[in-house]
Structure formats: C-alpha cells, structure tokens
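Below: run.txt (compact mmCIF, C-alpha atoms and all ligand atoms)
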```
# COMPACT_ATOMS: atom_id res chain seq x y z
CA MET R 1 -14.92 -15.29 23.35
CA ARG R 2 -13.23 -14.11 20.13
CA LYS R 3 -10.92 -11.10 20.46
CA MET R 4 -12.61 -7.96 19.09
CA ILE R 5 -11.52 -6.75 15.65
CA PRO R 6 -11.51 -2.99 16.36
CA ILE R 7 -13.10 -0.54 13.95
CA ASN R 8 -9.74 1.24 13.66
CA ALA R 9 -6.29 0.81 15.16
CA PRO R 10 -3.13 2.92 14.93
CA GLN R 11 -0.40 1.17 12.90
CA ILE R 12 2.77 1.89 14.85
CA ASP R 13 6.13 0.10 14.63
CA GLU R 14 9.81 0.64 15.31
CA ARG R 15 9.99 3.50 12.80
CA GLU R 16 7.71 5.78 14.85
CA ILE R 17 9.41 4.71 18.07
CA GLU R 18 12.83 5.52 16.63
CA MET R 19 11.76 8.91 15.27
CA VAL R 20 9.93 9.95 18.44
CA THR R 21 12.86 8.79 20.59
CA LYS R 22 15.19 11.01 18.56
CA VAL R 23 13.01 14.00 19.36
CA LEU R 24 12.98 13.16 23.06
CA LYS R 25 16.76 12.80 23.09
CA SER R 26 17.25 16.06 21.21
CA GLY R 27 15.66 18.07 24.04
CA PHE R 28 13.87 20.21 21.42
CA LEU R 29 10.16 19.55 21.82
CA THR R 30 8.39 22.51 20.27
CA SER R 31 8.86 25.99 18.91
CA ARG R 32 6.97 29.12 19.78
CA VAL R 33 7.26 30.19 16.15
CA GLY R 34 5.19 27.14 15.22
CA SER R 35 7.32 25.59 12.51
CA SER R 36 10.22 23.86 14.24
CA SER R 37 12.39 21.43 12.29
CA ARG R 38 10.26 18.26 12.20
CA VAL R 39 7.06 20.26 11.95
CA ALA R 40 8.48 22.11 8.93
CA SER R 41 9.56 18.82 7.29
CA PHE R 42 6.19 17.25 7.92
CA GLU R 43 4.47 20.30 6.41
CA GLN R 44 6.67 20.12 3.35
CA ASP R 45 6.08 16.41 2.82
CA TYR R 46 2.35 16.69 3.41
CA ALA R 47 2.01 19.64 1.02
CA ARG R 48 3.77 17.57 -1.64
CA PHE R 49 1.52 14.58 -0.94
CA VAL R 50 -1.68 16.58 -1.52
CA GLU R 51 -0.20 18.78 -4.27
CA ALA R 52 -0.80 21.95 -2.25
CA LYS R 53 1.38 25.06 -2.14
CA HIS R 54 1.19 25.36 1.66
CA ALA R 55 0.62 23.05 4.59
CA VAL R 56 0.23 24.41 8.12
CA ALA R 57 0.46 21.84 10.91
CA VAL R 58 -1.75 22.24 13.98
CA ASN R 59 -2.63 20.18 17.02
CA SER R 60 -6.03 18.82 15.89
CA GLY R 61 -8.44 18.69 12.99
CA THR R 62 -10.81 20.77 15.10
CA ALA R 63 -8.14 23.48 15.46
CA ALA R 64 -7.70 23.36 11.67
CA LEU R 65 -11.42 23.93 11.11
CA HIS R 66 -11.61 26.74 13.67
CA MET R 67 -8.59 28.55 12.23
CA THR R 68 -9.63 28.24 8.59
CA LEU R 69 -13.04 29.74 9.35
CA SER R 70 -11.34 32.61 11.20
CA ALA R 71 -8.90 33.08 8.31
CA ALA R 72 -11.85 33.21 5.91
CA GLY R 73 -13.21 36.07 8.01
CA VAL R 74 -16.19 34.26 9.52
CA MET R 75 -17.63 36.55 12.20
CA PRO R 76 -20.53 36.45 14.64
CA SER R 77 -23.81 36.90 12.74
CA ASP R 78 -22.39 35.16 9.65
CA GLU R 79 -23.83 31.85 8.50
CA VAL R 80 -21.82 28.81 7.47
CA ILE R 81 -23.40 25.92 5.57
CA LEU R 82 -22.45 22.33 6.35
CA PRO R 83 -23.99 18.86 6.26
CA SER R 84 -25.61 17.74 9.50
CA PHE R 85 -24.41 14.17 9.04
CA THR R 86 -20.76 14.48 10.12
CA PHE R 87 -18.60 14.50 13.23
CA VAL R 88 -19.58 17.34 15.54
CA ALA R 89 -16.24 19.18 15.16
CA THR R 90 -17.37 20.49 11.75
CA ALA R 91 -20.23 22.41 13.41
CA GLU R 92 -18.31 23.19 16.58
CA ALA R 93 -15.76 25.21 14.62
CA VAL R 94 -18.57 27.40 13.26
CA ALA R 95 -20.04 27.93 16.73
CA LEU R 96 -16.56 28.73 18.11
CA CYS R 97 -16.43 31.66 15.65
CA GLY R 98 -19.75 32.85 17.08
CA ALA R 99 -21.35 32.20 13.69
CA LYS R 100 -24.48 30.23 12.91
CA PRO R 101 -24.19 26.71 11.50
CA VAL R 102 -26.81 26.16 8.81
CA PHE R 103 -27.28 22.42 8.46
CA VAL R 104 -28.30 20.87 5.16
CA ASP R 105 -29.28 17.37 4.20
CA ILE R 106 -27.17 14.70 2.51
CA THR R 107 -27.46 12.62 -0.63
CA PRO R 108 -28.44 9.14 0.60
CA GLN R 109 -26.12 7.26 -1.77
CA THR R 110 -22.89 9.08 -0.86
CA TYR R 111 -23.78 10.50 2.59
CA ASN R 112 -22.23 13.79 1.43
CA ILE R 113 -23.84 17.23 1.20
CA ASP R 114 -26.85 17.51 -1.14
CA LEU R 115 -25.96 20.14 -3.73
CA GLU R 116 -29.50 21.40 -4.32
CA LYS R 117 -30.08 21.74 -0.59
CA PHE R 118 -26.79 23.60 -0.31
CA ARG R 119 -27.83 26.01 -3.04
CA LYS R 120 -31.19 26.63 -1.38
CA ALA R 121 -29.60 27.29 2.02
CA ILE R 122 -27.47 30.20 0.76
CA SER R 123 -28.58 33.57 2.17
CA ASP R 124 -27.20 37.13 2.36
CA LYS R 125 -25.45 36.12 5.56
CA THR R 126 -23.70 33.03 4.22
CA LYS R 127 -19.94 33.41 4.41
CA ALA R 128 -18.63 29.90 3.87
CA VAL R 129 -19.48 26.29 3.15
CA ILE R 130 -17.81 23.24 4.69
CA PRO R 131 -18.24 20.17 2.50
CA VAL R 132 -17.18 17.01 4.33
CA ASP R 133 -15.53 14.02 2.59
CA LEU R 134 -17.51 11.62 4.75
CA TYR R 135 -16.01 8.22 5.51
CA GLY R 136 -13.26 9.10 3.02
CA LEU R 137 -15.42 9.66 -0.10
CA PRO R 138 -14.84 13.18 -1.47
CA ALA R 139 -17.78 15.54 -1.82
CA ASP R 140 -18.55 16.84 -5.33
CA MET R 141 -16.01 19.60 -4.83
CA GLN R 142 -15.92 21.09 -8.31
CA THR R 143 -19.67 21.71 -8.34
CA ILE R 144 -19.62 22.99 -4.77
CA SER R 145 -16.79 25.41 -5.59
CA LYS R 146 -18.66 26.65 -8.65
CA ILE R 147 -21.81 27.39 -6.62
CA ALA R 148 -19.69 28.96 -3.86
CA LYS R 149 -17.92 31.26 -6.35
CA GLU R 150 -21.25 32.51 -7.70
CA HIS R 151 -22.13 33.62 -4.16
CA ASN R 152 -18.68 34.70 -3.00
CA LEU R 153 -18.42 32.01 -0.32
CA ALA R 154 -15.23 30.54 1.09
CA VAL R 155 -14.94 26.77 0.61
CA ILE R 156 -13.37 24.91 3.50
CA GLU R 157 -13.13 21.20 2.82
CA ASP R 158 -13.31 18.93 5.86
CA ALA R 159 -10.94 16.22 4.66
CA ALA R 160 -10.35 14.83 8.16
CA GLN R 161 -11.26 11.34 6.93
CA ALA R 162 -9.91 11.53 3.41
CA HIS R 163 -6.10 11.11 3.40
CA GLY R 164 -5.36 9.34 0.13
CA ALA R 165 -8.74 10.03 -1.49
CA SER R 166 -9.07 11.80 -4.81
CA TYR R 167 -11.71 13.44 -6.95
CA ARG R 168 -11.35 13.98 -10.69
CA GLY R 169 -7.75 12.88 -10.28
CA LYS R 170 -7.01 15.54 -7.67
CA PRO R 171 -6.45 15.21 -3.91
CA PRO R 172 -8.86 16.80 -1.40
CA GLY R 173 -8.22 20.51 -1.10
CA TYR R 174 -7.58 21.06 -4.81
CA PHE R 175 -11.01 22.62 -5.45
CA ALA R 176 -11.27 24.32 -2.02
CA ASP R 177 -9.85 27.51 -0.56
CA MET R 178 -8.49 25.52 2.38
CA ALA R 179 -8.67 21.87 3.41
CA CYS R 180 -8.59 20.57 6.98
CA TRP R 181 -7.07 17.23 7.95
CA SER R 182 -7.03 15.25 11.18
CA PHE R 183 -4.35 12.91 12.51
CA TYR R 184 -6.44 11.67 15.41
CA ALA R 185 -5.52 8.15 16.59
CA SER R 186 -8.18 6.37 14.50
CA LYS R 187 -7.41 8.13 11.21
CA ASN R 188 -5.74 6.72 8.06
CA MET R 189 -2.52 8.17 9.44
CA THR R 190 -2.02 9.45 12.96
CA THR R 191 0.11 11.65 15.19
CA GLY R 192 -1.95 10.74 18.28
CA GLU R 193 -3.69 14.10 18.11
CA GLY R 194 -2.91 16.48 15.29
CA GLY R 195 -4.14 18.26 12.22
CA MET R 196 -3.09 20.04 9.05
CA ILE R 197 -4.42 22.80 6.84
CA THR R 198 -3.51 22.84 3.16
CA THR R 199 -4.07 25.75 0.80
CA ASN R 200 -2.76 27.29 -2.39
CA ASN R 201 -3.47 30.80 -1.13
CA ASP R 202 -0.43 32.71 0.23
CA GLU R 203 -2.47 35.15 2.30
CA TYR R 204 -4.43 32.43 4.05
CA ALA R 205 -1.22 30.52 4.74
CA ASP R 206 0.46 33.59 6.30
CA ALA R 207 -2.59 34.34 8.46
CA LEU R 208 -2.89 30.70 9.57
CA ARG R 209 0.79 30.51 10.57
CA CYS R 210 0.41 33.66 12.62
CA MET R 211 -2.91 32.65 14.19
CA ARG R 212 -1.64 29.23 15.23
CA THR R 213 0.79 30.84 17.65
CA HIS R 214 -1.10 33.64 19.42
CA GLY R 215 -1.19 35.89 16.38
CA GLU R 216 2.58 36.42 16.70
CA LYS R 217 5.28 36.44 14.04
CA GLY R 218 8.30 35.58 16.19
CA GLU R 219 8.57 38.30 18.78
CA TYR R 220 6.06 38.71 21.63
CA VAL R 221 3.71 40.93 19.65
CA SER R 222 0.24 39.87 18.48
CA TYR R 223 -0.93 41.06 15.11
CA MET R 224 -4.25 39.24 15.19
CA LEU R 225 -6.36 37.13 17.51
CA GLY R 226 -4.62 33.80 17.84
CA HIS R 227 -4.53 30.54 19.74
CA ASN R 228 -2.03 27.95 20.79
CA TYR R 229 -2.77 25.48 18.00
CA ARG R 230 0.87 24.46 17.41
CA MET R 231 1.86 20.89 16.61
CA PRO R 232 4.62 19.56 18.89
CA GLU R 233 7.79 17.93 17.49
CA ILE R 234 6.89 14.47 18.77
CA ALA R 235 3.65 14.54 16.79
CA ALA R 236 5.44 15.77 13.66
CA ALA R 237 8.02 12.98 13.96
CA MET R 238 5.21 10.45 14.08
CA GLY R 239 3.53 12.17 11.15
CA LEU R 240 6.70 11.89 9.02
CA ALA R 241 6.89 8.16 9.71
CA GLN R 242 3.17 7.63 9.08
CA LEU R 243 3.20 9.57 5.83
CA GLU R 244 5.98 7.29 4.50
CA LYS R 245 3.74 4.31 5.17
CA LEU R 246 0.45 5.85 4.10
CA PRO R 247 0.47 4.38 0.55
CA THR R 248 0.78 0.88 2.03
CA PHE R 249 -1.95 1.59 4.58
CA LEU R 250 -4.24 2.81 1.82
CA GLU R 251 -3.62 -0.23 -0.35
CA LYS R 252 -4.55 -2.53 2.51
CA ARG R 253 -7.70 -0.56 3.29
CA ARG R 254 -8.70 -0.72 -0.38
CA ARG R 255 -8.00 -4.44 -0.61
CA ASN R 256 -10.08 -5.06 2.55
CA ALA R 257 -12.92 -2.89 1.31
CA GLN R 258 -12.94 -4.61 -2.09
CA ARG R 259 -13.04 -8.03 -0.47
CA LEU R 260 -15.96 -6.98 1.75
CA THR R 261 -17.81 -5.68 -1.29
CA GLU R 262 -17.26 -8.97 -3.13
CA LYS R 263 -18.54 -10.96 -0.17
CA LEU R 264 -21.53 -8.74 0.65
CA SER R 265 -22.74 -7.65 -2.76
CA ARG R 266 -25.54 -10.19 -2.93
CA VAL R 267 -26.96 -9.48 0.52
CA GLU R 268 -30.25 -7.84 -0.36
CA ARG R 269 -30.80 -5.95 2.87
CA LEU R 270 -27.43 -4.19 2.68
CA THR R 271 -26.55 -1.09 0.70
CA LEU R 272 -22.78 -1.07 0.32
CA PRO R 273 -20.57 2.02 0.08
CA MET R 274 -20.06 3.36 -3.42
CA GLU R 275 -17.08 4.79 -5.25
CA PRO R 276 -18.56 6.73 -8.17
CA ARG R 277 -16.59 7.11 -11.40
CA GLY R 278 -13.98 9.85 -10.97
CA TYR R 279 -13.86 9.43 -7.20
CA LYS R 280 -11.29 7.54 -5.16
CA HIS R 281 -12.37 6.55 -1.67
CA SER R 282 -9.80 6.58 1.15
CA TRP R 283 -11.72 3.76 2.89
CA TYR R 284 -11.40 5.39 6.30
CA LEU R 285 -14.72 3.72 7.10
CA TYR R 286 -16.56 0.99 5.25
CA THR R 287 -20.14 1.98 5.98
CA VAL R 288 -23.17 -0.13 5.11
CA ARG R 289 -26.87 0.65 5.36
CA LEU R 290 -29.35 -1.87 6.65
CA GLN R 291 -32.13 -1.10 4.16
CA GLY R 292 -35.58 -0.56 5.62
CA SER R 293 -34.38 -0.89 9.22
CA ASP R 294 -35.25 1.35 12.11
CA ARG R 295 -32.78 2.37 14.82
CA ALA R 296 -33.63 -0.59 17.06
CA GLU R 297 -33.05 -3.17 14.35
CA ARG R 298 -29.77 -1.55 13.27
CA ASP R 299 -28.55 -1.32 16.87
CA LYS R 300 -29.41 -4.98 17.39
CA ALA R 301 -27.37 -5.95 14.30
CA VAL R 302 -24.39 -3.96 15.61
CA GLU R 303 -24.74 -5.61 19.02
CA GLU R 304 -24.84 -9.08 17.44
CA LEU R 305 -21.72 -8.32 15.40
CA ARG R 306 -19.91 -7.09 18.50
CA LYS R 307 -20.87 -10.28 20.34
CA ARG R 308 -19.09 -12.14 17.52
CA GLY R 309 -15.96 -10.00 17.94
CA VAL R 310 -16.59 -7.66 15.00
CA GLY R 311 -16.10 -4.05 16.15
CA ALA R 312 -18.98 -2.65 14.09
CA THR R 313 -19.62 0.97 15.07
CA VAL R 314 -22.23 3.60 14.24
CA TYR R 315 -21.02 6.85 12.66
CA TYR R 316 -23.11 8.88 13.40
CA GLY R 317 -26.11 7.97 15.51
CA THR R 318 -27.29 11.56 16.01
CA PRO R 319 -27.16 14.13 13.20
CA ILE R 320 -25.80 17.38 14.60
CA HIS R 321 -28.98 19.43 14.10
CA LEU R 322 -30.69 17.10 16.61
CA MET R 323 -27.98 17.32 19.28
CA PRO R 324 -29.07 19.17 22.44
CA TYR R 325 -26.52 21.98 22.08
CA TYR R 326 -27.11 22.50 18.35
CA ARG R 327 -30.91 22.54 18.45
CA GLN R 328 -30.66 26.27 19.22
CA PHE R 329 -29.51 26.74 15.60
CA ALA R 330 -31.96 24.40 13.89
CA GLN R 331 -35.68 23.84 14.13
CA TYR R 332 -36.00 21.77 11.03
CA SER R 333 -35.96 18.20 9.92
CA LEU R 334 -33.35 16.75 7.54
CA PRO R 335 -34.91 13.44 6.50
CA GLU R 336 -31.94 11.80 4.75
CA ALA R 337 -29.48 12.62 7.53
CA GLU R 338 -31.98 11.37 10.10
CA LYS R 339 -32.66 8.18 8.20
CA ALA R 340 -28.95 7.46 7.68
CA SER R 341 -28.31 7.98 11.40
CA GLU R 342 -30.78 5.17 12.09
CA GLN R 343 -29.66 2.72 9.39
CA VAL R 344 -25.88 2.85 8.91
CA PHE R 345 -22.97 1.19 10.64
CA SER R 346 -19.31 0.75 9.77
CA LEU R 347 -17.12 -2.34 9.57
CA PRO R 348 -13.36 -2.65 10.23
CA VAL R 349 -11.14 -2.39 7.12
CA HIS R 350 -8.02 -0.81 8.70
CA PRO R 351 -4.58 -2.06 7.60
CA GLY R 352 -4.28 -4.37 10.61
CA VAL R 353 -7.30 -6.43 9.48
CA THR R 354 -6.26 -9.61 7.66
CA LEU R 355 -8.13 -11.10 4.70
CA GLN R 356 -9.07 -14.01 6.93
CA GLU R 357 -10.68 -11.55 9.34
CA ILE R 358 -12.45 -9.84 6.45
CA ASN R 359 -13.95 -13.19 5.48
CA TYR R 360 -15.03 -13.66 9.09
CA ILE R 361 -16.56 -10.15 9.25
CA ALA R 362 -18.54 -10.79 6.05
CA ALA R 363 -19.72 -14.22 7.21
CA SER R 364 -20.77 -12.80 10.60
CA LEU R 365 -22.72 -10.00 8.97
CA ILE R 366 -24.48 -12.34 6.57
CA GLU R 367 -25.47 -14.51 9.55
CA VAL R 368 -26.72 -11.50 11.56
CA VAL R 369 -28.70 -9.97 8.72
CA ARG R 370 -30.32 -13.27 7.88
C1 LIG R 401 -15.22 14.72 9.70
C2 LIG R 401 -14.33 15.15 10.84
N1 LIG R 401 -14.16 16.46 11.05
C3 LIG R 401 -13.35 16.91 12.02
C4 LIG R 401 -12.69 16.06 12.87
C5 LIG R 401 -11.90 16.62 13.98
O1 LIG R 401 -10.59 16.20 14.03
P1 LIG R 401 -9.82 16.07 15.42
O2 LIG R 401 -10.38 14.91 16.16
O3 LIG R 401 -8.39 15.86 14.99
O4 LIG R 401 -9.99 17.34 16.15
C6 LIG R 401 -12.83 14.67 12.67
C7 LIG R 401 -12.12 13.67 13.46
O5 LIG R 401 -12.15 13.41 14.57
C8 LIG R 401 -13.69 14.21 11.65
O6 LIG R 401 -13.88 12.90 11.45
```
Could you take the file, read its structure, and then write that structure out as structure tokens?
Ligand SMILES: Cc1ncc(COP(=O)(O)O)c(C=O)c1O
Amino acid sequence: MRKMIPINAPQIDEREIEMVTKVLKSGFLTSRVGSSSRVASFEQDYARFVEAKHAVAVNSGTAALHMTLSAAGVMPSDEVILPSFTFVATAEAVALCGAKPVFVDITPQTYNIDLEKFRKAISDKTKAVIPVDLYGLPADMQTISKIAKEHNLAVIEDAAQAHGASYRGKPPGYFADMACWSFYASKNMTTGEGGMITTNNDEYADALRCMRTHGEKGEYVSYMLGHNYRMPEIAAAMGLAQLEKLPTFLEKRRRNAQRLTEKLSRVERLTLPMEPRGYKHSWYLYTVRLQGSDRAERDKAVEELRKRGVGATVYYGTPIHLMPYYRQFAQYSLPEAEKASEQVFSLPVHPGVTLQEINYIAASLIEVVR
C-alpha cells in the first residue's frame, strides 16, 4: 500500500534541533516572570511579523483565547458571539470564563461568520465576538470591528490557523482588539504546543503578561486571577527557528494549493476554497465541498482517498452547537454550519507535500468523485 500523505506534518530540521539543544545545555528552561530570554525574543520577532505593538507568548492557542476573554472582562452571565463551525477551543474559552457562547451561522462560500447573523445575535448581554479565520482565510474583520464598535463589544480574532494570512493588506489582529495564535504541531508553524496573543493595546498587554503567570508581576504577590499559561524556553527556541522559515513554508503551501485548484477546477461536484479579492489565505487547510452530498457520501469519499494514501480529513464533522456538552447553550439549528459539517473535507497542502504528490492527490480525488 502507498504511504499516507498526512494532512499536516511539522517541518523540523537541524535548525530547531540546534536551537533546542542550546536551551537544554544552558540549564535555563523557563522563567516565573513569563518572558525569559528566548520567549522575549520570540515575542519581539512575532510582533514584528504581524505588525503588532505587543506579543505575549503562552503555552497554547486555547490559553490565548481564555486569557484574552478574561482580559476583555468577560464574566459569568455575559454572552460571547462566535461561529459554530470552528475548532471547539473557540467555544471552550468562553465556557471557561463562565460565560455563554452564542453560536451563529457561517457564510457557505468562506466558512467564516455570517455578518448579518452576527448582528442579529447581539443582545444587552453581549460582551465580545470571536471571529475565526477558518482554514487560514481571514474573516471580514473590518466590517466585524465596525459592528462591534457600535455595540461596544471586544473583538478577539481567533487566528490560530492564519499565520501568514492577510486582509486588506494587513495581518490578522490588525482590526481586532486582540488576536490569538496557535503553534500546535499541525499548524503553519509549530512549537509542539504553544500560542501567542498580539495586541496594540498597552493595558491588555500588561494584564495578559500578569495573568499568564498567576497574576504576579515578579514577586510572589497576585494582583489578579491568573494561570500558569507560560511558554517554556524550548518552545520559544523552536518558535524562533520556525518563524525564520515561515515565509518559505507559506510559499510552498500556496504553490500546492494553486496547483490543486488548477487540477480540480473543472470537477463539477467540487466547490474549491476561495481567496476573495483583498484577502490572502494562509492555506493551513485546503478544504473542498462535495456539492449535494450527504454525510455518508462525503465520508465514503474520504475513506476512498485514505485507501489511496491521501490523508484527507474532515474539519469539522460536528458543529459545536450540536456537541453534547455545548447543547446546554444552544437549542437552535444553524443550517449552513450543519451542511458544511456534512459536505467538506480537507486535502494535504503542507510544505512537505511535493508537486508530484499534489498531482497524485488531484488524480485520486477525480477518480473517487467520478
Ligand atoms: C481555530 C482554532 N482555535 C483554537 C485552537 C486552539 O489552539 P491550541 O491547540 O494551540 O490550544 C486551534 C488549534 O488547535 C484552532 O484551530
């Protein structure tokens, strides 16, 4: 049988090994203050990369989401609006604050939050909105921020999948109060586990730095409710190496995505991912829709691809409002999110995929769909 082409794979070489080894040999693995030397360098470089004033490194994208909601003052009894069609961490962070996630539907072409549905979901209790840049395609952040301003809502952009994306020429986070990033092993760049928050707001940045290390500012005194959400030095060393290589990773993802689009554009049953004018996709996931299919037919197509060694994967098979834990917050139907969860699947475009493999992936899909 053919070796599986995985949906994503960390791109690690001697550079990461060398930088991580240096940390191990130094004997300095972390700092209680939160920003030890490599962490501080990684924050500086990342802030520069996304044109943000501040970057605060943490130990996961989930931690980033939880902390930003806390920093925005989200309390129990508040409501936070988010799309249902995303990774569960987006909603989890809201629930961890004791607040109520209010799920809204998506636009079927982009899979991102539907702006009209967002507007309609705003209530007296709404405190924040979390637009997600799903699969690496930015949400319509300028419009979202405008609506949010009218209603005094904090905008927390979930950019966990969007390293290297842009919108109206600006990186994710530019139109938000805070942006949350993930460096999980599958992401466009990785630290194994890890995350980052970027913001232009000094007060948020100060609160986040304090909160990430038990609400302390150096001495053993807590000024606010905190966590241990610190990034260790080993992760930051990896992050520095990965950030150097990110432009090359992104180019390869884009090249692979473009080639897939060329090869698949005439397959009638498939709706291919779009990159609207003014948007730059990060190509974290190349997600297609099997038009008119139901769940069983889509799952069968994915199974057939996997049999051929193509690591096709469904993101996400269950919208969050239908998950057993989250049903307590939602007794409503979100037709576009539900339909997408039955029809989409993603194909490998990560930097380790060769053009020859891309040709094979396209040919396999054409065969399966036929
Ligand atoms: C959209 C989205 N939000 C949040 C997260 C959470 O990030 P992490 O896995 O680093 O906690 C992820 C990634 O896993 C994600 O894809």
If we count only C-alpha atoms, what is near Gly164 (chain R) at a cut-off of 10 Å, once residues fewer than 6 positions away on the same chain are taken out, given as a short mmCIF file (atom, residue, chain, number, x, y, z; two decimals) with C-alpha atoms, keeping the file's coordinate frame?
```
data_model
loop_
_atom_site.label_atom_id
_atom_site.label_comp_id
_atom_site.auth_asym_id
_atom_site.auth_seq_id
_atom_site.Cartn_x
_atom_site.Cartn_y
_atom_site.Cartn_z
CA PHE R 49 1.52 14.58 -0.94
CA VAL R 50 -1.68 16.58 -1.52
CA GLY R 136 -13.26 9.10 3.02
CA PRO R 171 -6.45 15.21 -3.91
CA PRO R 172 -8.86 16.80 -1.40
CA ASN R 188 -5.74 6.72 8.06
CA MET R 189 -2.52 8.17 9.44
CA LEU R 246 0.45 5.85 4.10
CA PRO R 247 0.47 4.38 0.55
CA PHE R 249 -1.95 1.59 4.58
CA LEU R 250 -4.24 2.81 1.82
CA GLU R 251 -3.62 -0.23 -0.35
CA LYS R 280 -11.29 7.54 -5.16
CA HIS R 281 -12.37 6.55 -1.67
CA SER R 282 -9.80 6.58 1.15
CA TRP R 283 -11.72 3.76 2.89
CA TYR R 284 -11.40 5.39 6.30
#
```
Nearby residues, ligand LIG 401 (chain R), 8 Å, all atoms listed in the file, as a ChimeraX atom specification:
/R:59-65,86-90,132-135,158-161,180-184,187,193-195
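For the residues R:Arg269, R:Arg277, R:Arg298, R:Lys125, ranking by smallest atom-to-atom distance to Phe345 (chain R) using all atoms listed in the file places R:Arg298 first.
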List the spatial neighbours of Asn112 (chain R) as a ChimeraX atom specification - criterion: any atom at most 10 Å away, only C-alpha atoms, same-chain residues fewer than 6 positions off excluded.
/R:82-86,105-106,131-135,137-140,337
Which neighbours of Leu264 (chain R) fall inside 9 Å, counting all atoms listed in the file, when residues of the same chain fewer than 3 positions from it are skipped, and could you give them as number ranges by chain?
R: 259-261, 267-268, 270, 272, 362-363, 365-366
Tell me which of R:Arg254, R:Lys127, R:Lys25, R:Arg168 sits closest to Thr143 (chain R), counting only C-alpha atoms.
R:Arg168
Since the input is missing atoms for region 196-217 of chain R, could you rebuild it with N, CA and C atoms and give the result as a PDB file, in the frame of the given file?
```pdb
ATOM      1  N   MET R 196      -3.828  19.314  10.084  1.00  0.00           N
ATOM      2  CA  MET R 196      -3.090  20.040   9.050  1.00  0.00           C
ATOM      3  C   MET R 196      -4.094  20.858   8.249  1.00  0.00           C
ATOM      4  N   ILE R 197      -3.624  22.012   7.792  1.00  0.00           N
ATOM      5  CA  ILE R 197      -4.420  22.800   6.840  1.00  0.00           C
ATOM      6  C   ILE R 197      -3.600  22.886   5.567  1.00  0.00           C
ATOM      7  N   THR R 198      -4.237  22.652   4.425  1.00  0.00           N
ATOM      8  CA  THR R 198      -3.510  22.840   3.160  1.00  0.00           C
ATOM      9  C   THR R 198      -4.262  23.885   2.336  1.00  0.00           C
ATOM     10  N   THR R 199      -3.484  24.682   1.628  1.00  0.00           N
ATOM     11  CA  THR R 199      -4.070  25.750   0.800  1.00  0.00           C
ATOM     12  C   THR R 199      -3.083  26.169  -0.282  1.00  0.00           C
ATOM     13  N   ASN R 200      -3.624  26.728  -1.348  1.00  0.00           N
ATOM     14  CA  ASN R 200      -2.760  27.290  -2.390  1.00  0.00           C
ATOM     15  C   ASN R 200      -2.682  28.811  -2.267  1.00  0.00           C
ATOM     16  N   ASN R 201      -3.347  29.352  -1.257  1.00  0.00           N
ATOM     17  CA  ASN R 201      -3.470  30.800  -1.130  1.00  0.00           C
ATOM     18  C   ASN R 201      -2.418  31.328  -0.133  1.00  0.00           C
ATOM     19  N   ASP R 202      -1.529  32.203  -0.620  1.00  0.00           N
ATOM     20  CA  ASP R 202      -0.430  32.710   0.230  1.00  0.00           C
ATOM     21  C   ASP R 202      -0.942  33.492   1.422  1.00  0.00           C
ATOM     22  N   GLU R 203      -1.970  34.304   1.198  1.00  0.00           N
ATOM     23  CA  GLU R 203      -2.470  35.150   2.300  1.00  0.00           C
ATOM     24  C   GLU R 203      -3.082  34.312   3.411  1.00  0.00           C
ATOM     25  N   TYR R 204      -3.867  33.319   3.018  1.00  0.00           N
ATOM     26  CA  TYR R 204      -4.430  32.430   4.050  1.00  0.00           C
ATOM     27  C   TYR R 204      -3.310  31.742   4.817  1.00  0.00           C
ATOM     28  N   ALA R 205      -2.314  31.260   4.087  1.00  0.00           N
ATOM     29  CA  ALA R 205      -1.220  30.520   4.740  1.00  0.00           C
ATOM     30  C   ALA R 205      -0.501  31.416   5.751  1.00  0.00           C
ATOM     31  N   ASP R 206      -0.223  32.657   5.373  1.00  0.00           N
ATOM     32  CA  ASP R 206       0.460  33.590   6.300  1.00  0.00           C
ATOM     33  C   ASP R 206      -0.396  33.816   7.538  1.00  0.00           C
ATOM     34  N   ALA R 207      -1.693  34.063   7.325  1.00  0.00           N
ATOM     35  CA  ALA R 207      -2.590  34.340   8.460  1.00  0.00           C
ATOM     36  C   ALA R 207      -2.679  33.116   9.374  1.00  0.00           C
ATOM     37  N   LEU R 208      -2.752  31.936   8.774  1.00  0.00           N
ATOM     38  CA  LEU R 208      -2.890  30.700   9.570  1.00  0.00           C
ATOM     39  C   LEU R 208      -1.642  30.468  10.421  1.00  0.00           C
ATOM     40  N   ARG R 209      -0.458  30.721   9.829  1.00  0.00           N
ATOM     41  CA  ARG R 209       0.790  30.510  10.570  1.00  0.00           C
ATOM     42  C   ARG R 209       0.866  31.451  11.758  1.00  0.00           C
ATOM     43  N   CYS R 210       0.382  32.648  11.573  1.00  0.00           N
ATOM     44  CA  CYS R 210       0.410  33.660  12.620  1.00  0.00           C
ATOM     45  C   CYS R 210      -0.611  33.320  13.712  1.00  0.00           C
ATOM     46  N   MET R 211      -1.793  32.950  13.272  1.00  0.00           N
ATOM     47  CA  MET R 211      -2.910  32.650  14.190  1.00  0.00           C
ATOM     48  C   MET R 211      -2.619  31.434  15.060  1.00  0.00           C
ATOM     49  N   ARG R 212      -1.878  30.491  14.503  1.00  0.00           N
ATOM     50  CA  ARG R 212      -1.640  29.230  15.230  1.00  0.00           C
ATOM     51  C   ARG R 212      -0.796  29.466  16.471  1.00  0.00           C
ATOM     52  N   THR R 213      -0.046  30.570  16.498  1.00  0.00           N
ATOM     53  CA  THR R 213       0.790  30.840  17.650  1.00  0.00           C
ATOM     54  C   THR R 213       0.530  32.258  18.189  1.00  0.00           C
ATOM     55  N   HIS R 214      -0.673  32.415  18.723  1.00  0.00           N
ATOM     56  CA  HIS R 214      -1.100  33.640  19.420  1.00  0.00           C
ATOM     57  C   HIS R 214      -1.083  34.891  18.551  1.00  0.00           C
ATOM     58  N   GLY R 215      -1.168  34.723  17.261  1.00  0.00           N
ATOM     59  CA  GLY R 215      -1.190  35.890  16.380  1.00  0.00           C
ATOM     60  C   GLY R 215       0.177  36.566  16.284  1.00  0.00           C
ATOM     61  N   GLU R 216       1.230  35.835  16.696  1.00  0.00           N
ATOM     62  CA  GLU R 216       2.580  36.420  16.700  1.00  0.00           C
ATOM     63  C   GLU R 216       3.352  36.014  15.439  1.00  0.00           C
ATOM     64  N   LYS R 217       4.442  36.785  15.194  1.00  0.00           N
ATOM     65  CA  LYS R 217       5.280  36.440  14.040  1.00  0.00           C
ATOM     66  C   LYS R 217       6.717  36.176  14.475  1.00  0.00           C
TER      67      LYS R 217
END
```
